[in-house]
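A.B. asks: My questions all concern the structure below.
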Amino acid sequence: MSARHPLPRWMDIVLLPAINLIMAFTISGLVVLMIGESPLEAISIILYGAFGYGDGFGYTLYYATNFVFTGLAFAIAAHAGLFNIGGNGQAYVAGLGVIIVALALDQTHWLLAMPIAIVAAGIFGGAWALIPGYLQAKRGSHVVITTIMFNFIAAALMVYMLNRVLKPASSQAPQSETIDVAGRVPQLREFIPFFGYSPVNLTIVLAIAALVAAYFLIWRTKLGYQLRTLGQNSVASRYAGMSNSKLIMIAMTISGACAGMVAVNEVMGVQNRLVLDFVADAGFVGIAVALIGRNHPIGIGLAAVLFGALYQGGQELQFSMPTVTVEMIEVIQALIILFTGAMEGLFRPALERSYALLSFEQNAEATRRATVEPES
Amino acid sequence: MSIHTTFKGLAALTGAAALTTLMAGTALAAPAVIYDLGGKFDKSFNEAAYNGAVAWSEENGEDFLEFELQNDAQREQALRRFASQGAQPIVMAGFAWEAALTAVAPEFPDTNFVVIDTVVDAPNVRSVMFDEHTGSALVGALAATASETGTIAFVGGMDVPLIRRFHCGYAYGARAIDPEISVIETYTGTTPAAWDDPVTAGELTTAAIDEGADVIFAAAGGSGIGVLQTAADAGVYSIGVDSNQNYMHPGSVLTSMIKRVDLVVQESFTDAADDATFEPGRVDLGLSEDSVGYALDEFNESEISEEMIAAAEDLKAQIIAGEVEIHDFYTDNACPLD
């Protein structure tokens with residue numbers, strides 16, 4: 001076929017994700033129909049559960065907070081052409097930094113503990129991503145392989161730390177000591193009773209700040225320009241005098257630090273202790289969030305709320321429709337990831353063709369008018 | 001159209017109305033069970049809780065409420081949801097419930113909670129603990145009597161203290177019969193995925209068989225299926241866990257280390273539903289209550305001789321009497337075997 005016709009921006013960032021989402025929901029609806037329930041009722045339960053009342057909305061925002069961090073982590077690396085799928089492990093190890101700071105400072109004040117914990121989470125998460133970054137930059141080991149393997153190393157390390165180092169002798173469960181009330185991040189419900197018992201906390205402000213900061217970093221700084229150049233053409237960036245290996249390591253470190261913020265939310269804001277597997281696969285959901293969000297902060301923010309709503313609404317569905325099992329909800333979540341992530345390009349060729357056809361006719365029309373006018 | 005109108009309708013009715021329809025759907029004060037991560041049908045721990053709830057339901061002809069967790073953050077949410085819905089009692093199985101229940105129990109003083117495998121100190125909570133180490137010791141003793149090679153193996157699930165407690169009891173029980181026996185110790189992993197990884201469990205079993213083990217104890221949740229299958233294929237003995245798994249490979253599954261989670265759930269649904277019969281506090285269930293032990297049924301009766309039963313019963317009596325000490329991993333986080 002002839003060369004690809006690029007789509008106009010609005011089609012690329014609005015229409016394509018919308019079509020993918022509609023397809024995912026349609027097929028999920030068929031699944032619900034197959035077990036003899038009404039898809040419309042199911043979706044209204046999901047919407048009500050996710051947005052309809054304070055507790056539910058709070059949970060949606062709590063999940064979204066995590067997904068913003070992991071989504072940004074993936075996007076920042078993706079702009080530099082790196083496929084960081086180790087967000088899970090980076091967030092997990094960052095928990096270590098958070099809990100060390102939180103337990104050391106929980107007798108002071110959260111205003112002191114939180115910023116230091118953020119820095120610690122960034123250092124631990126960033127360092128965990130820097131190692132694969134170094135291996136990619138200096139040794140050519142592909143980050144896709146190394147980051148996913150580092151997830152397993154992180155899991156093993158954390159189990160060791162929880163079982164042998166952090167676990168108080170009195171407890172049987174592999175978890176750290178509880179952070180004292182003074183050292184916890186305040187819950188939004190303390191200011192806005194609307195949120196009921198939901199765990200959404202001040203970390204959400206950090207998430208919004210991270211979205212803004214990521215925008216400036218990627219599109220408004222010299223470093224962002226360098227990262228994007230590397231991502232689009234590594235030969236060009238080297239020719240322009242940039243150090244590709246240095247940029248790879250910087251991108252991975254920022255990415256890992258970003259994923260590490262999940263630990264601030266979970267450890268200091270929600271669980272108030274370090275527990276096993278607190279990341280709960282937010283790192284992987286972040287990949288889908290970044291893909292739907294087109295690696296743009298605004299898109300990531302919206303996609304994170306969408307996935308937060310799916311998590312919380314899915315939970316509501318399980319309560320309200322007992323025939324919908326937890327496996328079914330995972331199928332629906334997986335379908336959405338499949339359509340928006342893995343099959344992201346499914347409708348692109350058709351859309352490009354029809355758009356090209358459309359614009360060709362418009363062009364022909366314009367050319368005809370342009371050529372006719374001088375004669376008259 | 002209708003999505004929007006239904007949504008608006010629901011929102012207008014708000015939580016109260018949504019709750020009443022929910023409560024109308026199920027009888028008020030229906031008992032509720034919440035399964036831990038790993039799923040309802042894990043053929044092991046969660047499934048034992050489910051079986052107990054089903055047994056109660058069949059006995060009384062009433063429905064019960066249930067919920068399967070997807071992540072840790074849902075724990076408090078599920079508890080509050082069931083409690084405000086009027087569920088009585090709420091039973092939950094798993095060592096990870098401590099924090100969530102500690103937070104929620106005081107908010108609902110009229111609701112009775114029963115938690116299995118961990119201890120929560122509140123006036124409306126009953127904490128049920130099983131002596132996994134003594135139950136494992138009995139199957140260890142049976143393994144030692146059945147072994148011809150003098151080597152037995154243990155395949156654990158996720159490497160956590162609870163599973164090490166199984167291992168330690170198993171090894172102590174085997175040593176009580178044969179002080180020279182060697183016990184191979186392996187775990188399928190360090191993440192929750194280790195509970196659901198029969199392939200790795202099967203490979204570990206093969207490795208243990210290659211090293212000479214001819215009885216393999218699986219304390220690995222859903223991964224245990226891989227151990228039982230591999231042992232059956234190789235023609236050696238395996239030992240199941242939590243639920244009675246003897247039926248899975250008759251002739252190869254020597255016995256199962258049963259933990260009567262099902263009975264706890266079934267009994268709790270009845271006696272914890274009524275404040276008159278509900279007794280809060282810690283309950284320890286062990287050998288003397290027959291809450292842990294080895295399973296004997298038509299599927300393994302041909303494999304277990306009278307002498308083996310005698311040896312196991314003898315050890316059981318000695319443990320109860322305090323003559324033989326089975327080390328509890330929880331006391332010092334160590335298993336001093338040598």
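As shown in the structure tokens, the chain order sets the letters A, B, ...; within each chain, residues go from 1, and ligands are also counted from 1 in the order they appear.
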Give me, as an MDAnalysis selection string, all polymer residues having an atom no more than 10 Å from Gly299 in chain A, counting only C-alpha atoms and skipping those fewer than 2 positions away in the same chain.

C.D. replies: chainID A and resid 13:14 68 71 211 289:297 301:305

A.B. asks: Selected residues, C-alpha atoms, written as a short mmCIF file (atom, residue, chain, number, x, y, z; two decimals), in the first residue's frame, please.

C.D. replies:
```cif
data_model
loop_
_atom_site.label_atom_id
_atom_site.label_comp_id
_atom_site.auth_asym_id
_atom_site.auth_seq_id
_atom_site.Cartn_x
_atom_site.Cartn_y
_atom_site.Cartn_z
CA ILE A 13 -6.15 11.30 20.75
CA VAL A 14 -9.96 11.26 21.02
CA VAL A 68 -1.30 8.23 37.57
CA GLY A 71 1.18 5.66 34.00
CA LEU A 211 1.10 15.31 35.99
CA VAL A 289 -3.14 3.85 31.34
CA ALA A 290 -0.20 5.38 29.47
CA LEU A 291 -1.24 3.70 26.22
CA ILE A 292 -4.83 4.95 26.42
CA GLY A 293 -3.58 8.34 27.57
CA ARG A 294 -1.25 8.55 24.57
CA ASN A 295 1.66 9.22 26.93
CA HIS A 296 0.27 12.70 27.59
CA PRO A 297 -0.34 13.89 31.17
CA GLY A 301 -5.02 11.58 34.25
CA LEU A 302 -8.27 10.69 32.49
CA ALA A 303 -7.25 7.09 31.81
CA ALA A 304 -6.22 6.67 35.45
CA VAL A 305 -9.66 7.77 36.59
#
```

A.B. asks: Per residue of range 190-248 of chain A within 12 Å of range 113-131 of chain A, what are the shortest atom pair and its distance in Å to one decimal, counting only C-alpha atoms, with rows by chain and residue number, as a Markdown table?

C.D. replies:
```
| residue | atom | partner | partner_atom | distance |
| --- | --- | --- | --- | --- |
| A:Leu202 | CA | A:Met114 | CA | 10.1 |
| A:Thr203 | CA | A:Met114 | CA | 9.3 |
| A:Leu206 | CA | A:Ile118 | CA | 9.4 |
| A:Ala207 | CA | A:Ile118 | CA | 11.6 |
| A:Ala210 | CA | A:Ile118 | CA | 11.8 |
| A:Ser245 | CA | A:Leu130 | CA | 11.5 |
| A:Lys246 | CA | A:Leu130 | CA | 10.7 |
| A:Leu247 | CA | A:Leu130 | CA | 11.2 |
| A:Ile248 | CA | A:Leu130 | CA | 8.9 |
```

A.B. asks: Keeping only C-alpha atoms, write those residues as a short mmCIF file (atom, residue, chain, number, x, y, z; two decimals), in the first residue's frame.

C.D. replies:
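Heads up, here's the output in again_19.cif:
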```
data_model
loop_
_atom_site.label_atom_id
_atom_site.label_comp_id
_atom_site.auth_asym_id
_atom_site.auth_seq_id
_atom_site.Cartn_x
_atom_site.Cartn_y
_atom_site.Cartn_z
CA LEU A 202 -3.37 13.95 50.20
CA THR A 203 -1.10 11.94 47.92
CA LEU A 206 1.14 14.89 44.63
CA ALA A 207 -0.29 12.93 41.69
CA ALA A 210 3.35 15.04 39.05
CA SER A 245 23.65 6.26 27.40
CA LYS A 246 23.41 9.10 29.89
CA LEU A 247 19.92 9.97 28.68
CA ILE A 248 18.76 6.35 28.96
#
```

A.B. asks: At a cut-off of 6 Å, using only C-alpha atoms, what residues contact range 325-337 of chain A? Leave out same-chain residues fewer than 5 positions from it and give the result as a PyMOL selection string.

C.D. replies: chain A and resi 24+28+288+314

A.B. asks: Please produce an output containing N, CA and C atoms for each residue in the selection, written as a tab-separated table (two decimals), in the first residue's frame.

C.D. replies:
```
chain	number	residue	atom	x	y	z
A	24	ALA	N	-14.43	-2.46	23.60
A	24	ALA	CA	-14.17	-3.24	24.82
A	24	ALA	C	-15.45	-3.37	25.64
A	28	SER	N	-17.51	-6.75	26.53
A	28	SER	CA	-17.77	-7.03	27.94
A	28	SER	C	-19.26	-7.19	28.17
A	288	ALA	N	-1.21	0.22	30.56
A	288	ALA	CA	-2.45	0.43	29.82
A	288	ALA	C	-2.90	1.89	29.93
A	314	GLY	N	-16.11	-2.39	39.52
A	314	GLY	CA	-16.10	-3.85	39.43
A	314	GLY	C	-16.37	-4.47	40.78
```

A.B. asks: Going by DSSP on the backbone, which bits of range 209-318 of chain B are strand (DSSP E or B)? Write them as a short mmCIF file (atom, residue, chain, number, x, y, z; two decimals) with C-alpha atoms, in the first residue's frame, please.

C.D. replies:
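The file below, out_4.cif, is the result:
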```
data_model
loop_
_atom_site.label_atom_id
_atom_site.label_comp_id
_atom_site.auth_asym_id
_atom_site.auth_seq_id
_atom_site.Cartn_x
_atom_site.Cartn_y
_atom_site.Cartn_z
CA VAL B 215 6.92 -38.94 50.07
CA ILE B 216 6.25 -35.28 49.25
CA PHE B 217 4.10 -33.00 51.42
CA ALA B 218 2.52 -30.08 49.55
CA ALA B 219 1.58 -27.06 51.66
CA TYR B 237 3.50 -40.77 47.62
CA SER B 238 2.25 -37.23 48.13
CA ILE B 239 0.42 -35.56 51.02
CA GLY B 240 -2.32 -32.99 50.48
CA VAL B 241 -3.15 -29.98 52.65
CA ASP B 242 -6.01 -27.99 54.28
CA VAL B 253 -1.97 -39.38 47.88
CA LEU B 254 -0.87 -40.97 51.14
CA THR B 255 -3.03 -38.70 53.26
CA SER B 256 -3.90 -35.01 53.70
CA MET B 257 -3.04 -32.64 56.52
CA ILE B 258 -6.53 -31.39 57.19
CA LYS B 259 -7.33 -28.13 58.83
CA GLY B 281 -11.74 -14.12 72.19
CA ARG B 282 -9.01 -16.41 71.00
CA VAL B 283 -9.71 -20.06 70.29
CA ASP B 284 -6.85 -22.46 69.63
CA LEU B 285 -7.77 -25.57 67.76
CA VAL B 292 -5.96 -30.60 62.56
CA GLY B 293 -4.75 -34.06 61.68
CA TYR B 294 -4.43 -36.61 58.92
#
```

A.B. asks: Which value, in Å to one decimal, gives the distance between CA of Phe130 in chain B and CA of Phe64 in chain B?

C.D. replies: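 These two atoms are separated by 24.3 Å.
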
A.B. asks: Just need the residues of chain A within 6 Å of chain B, counting only C-alpha atoms, so spit them out as a PDB file with N, CA and C atoms, in the first residue's frame.

C.D. replies:
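Saved the output as out-v6.pdb:
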```pdb
ATOM      1  N   SER A  44     -24.652   0.483  34.734  1.00  0.00           N
ATOM      2  CA  SER A  44     -25.141   1.520  35.639  1.00  0.00           C
ATOM      3  C   SER A  44     -24.654   1.252  37.065  1.00  0.00           C
ATOM      4  N   GLY A  52     -21.110   7.445  42.037  1.00  0.00           N
ATOM      5  CA  GLY A  52     -22.429   7.787  42.547  1.00  0.00           C
ATOM      6  C   GLY A  52     -22.489   8.216  44.004  1.00  0.00           C
ATOM      7  N   ALA A 156      11.240 -10.882  45.662  1.00  0.00           N
ATOM      8  CA  ALA A 156      12.011 -11.756  46.548  1.00  0.00           C
ATOM      9  C   ALA A 156      12.694 -10.940  47.641  1.00  0.00           C
TER      10      ALA A 156
END
```
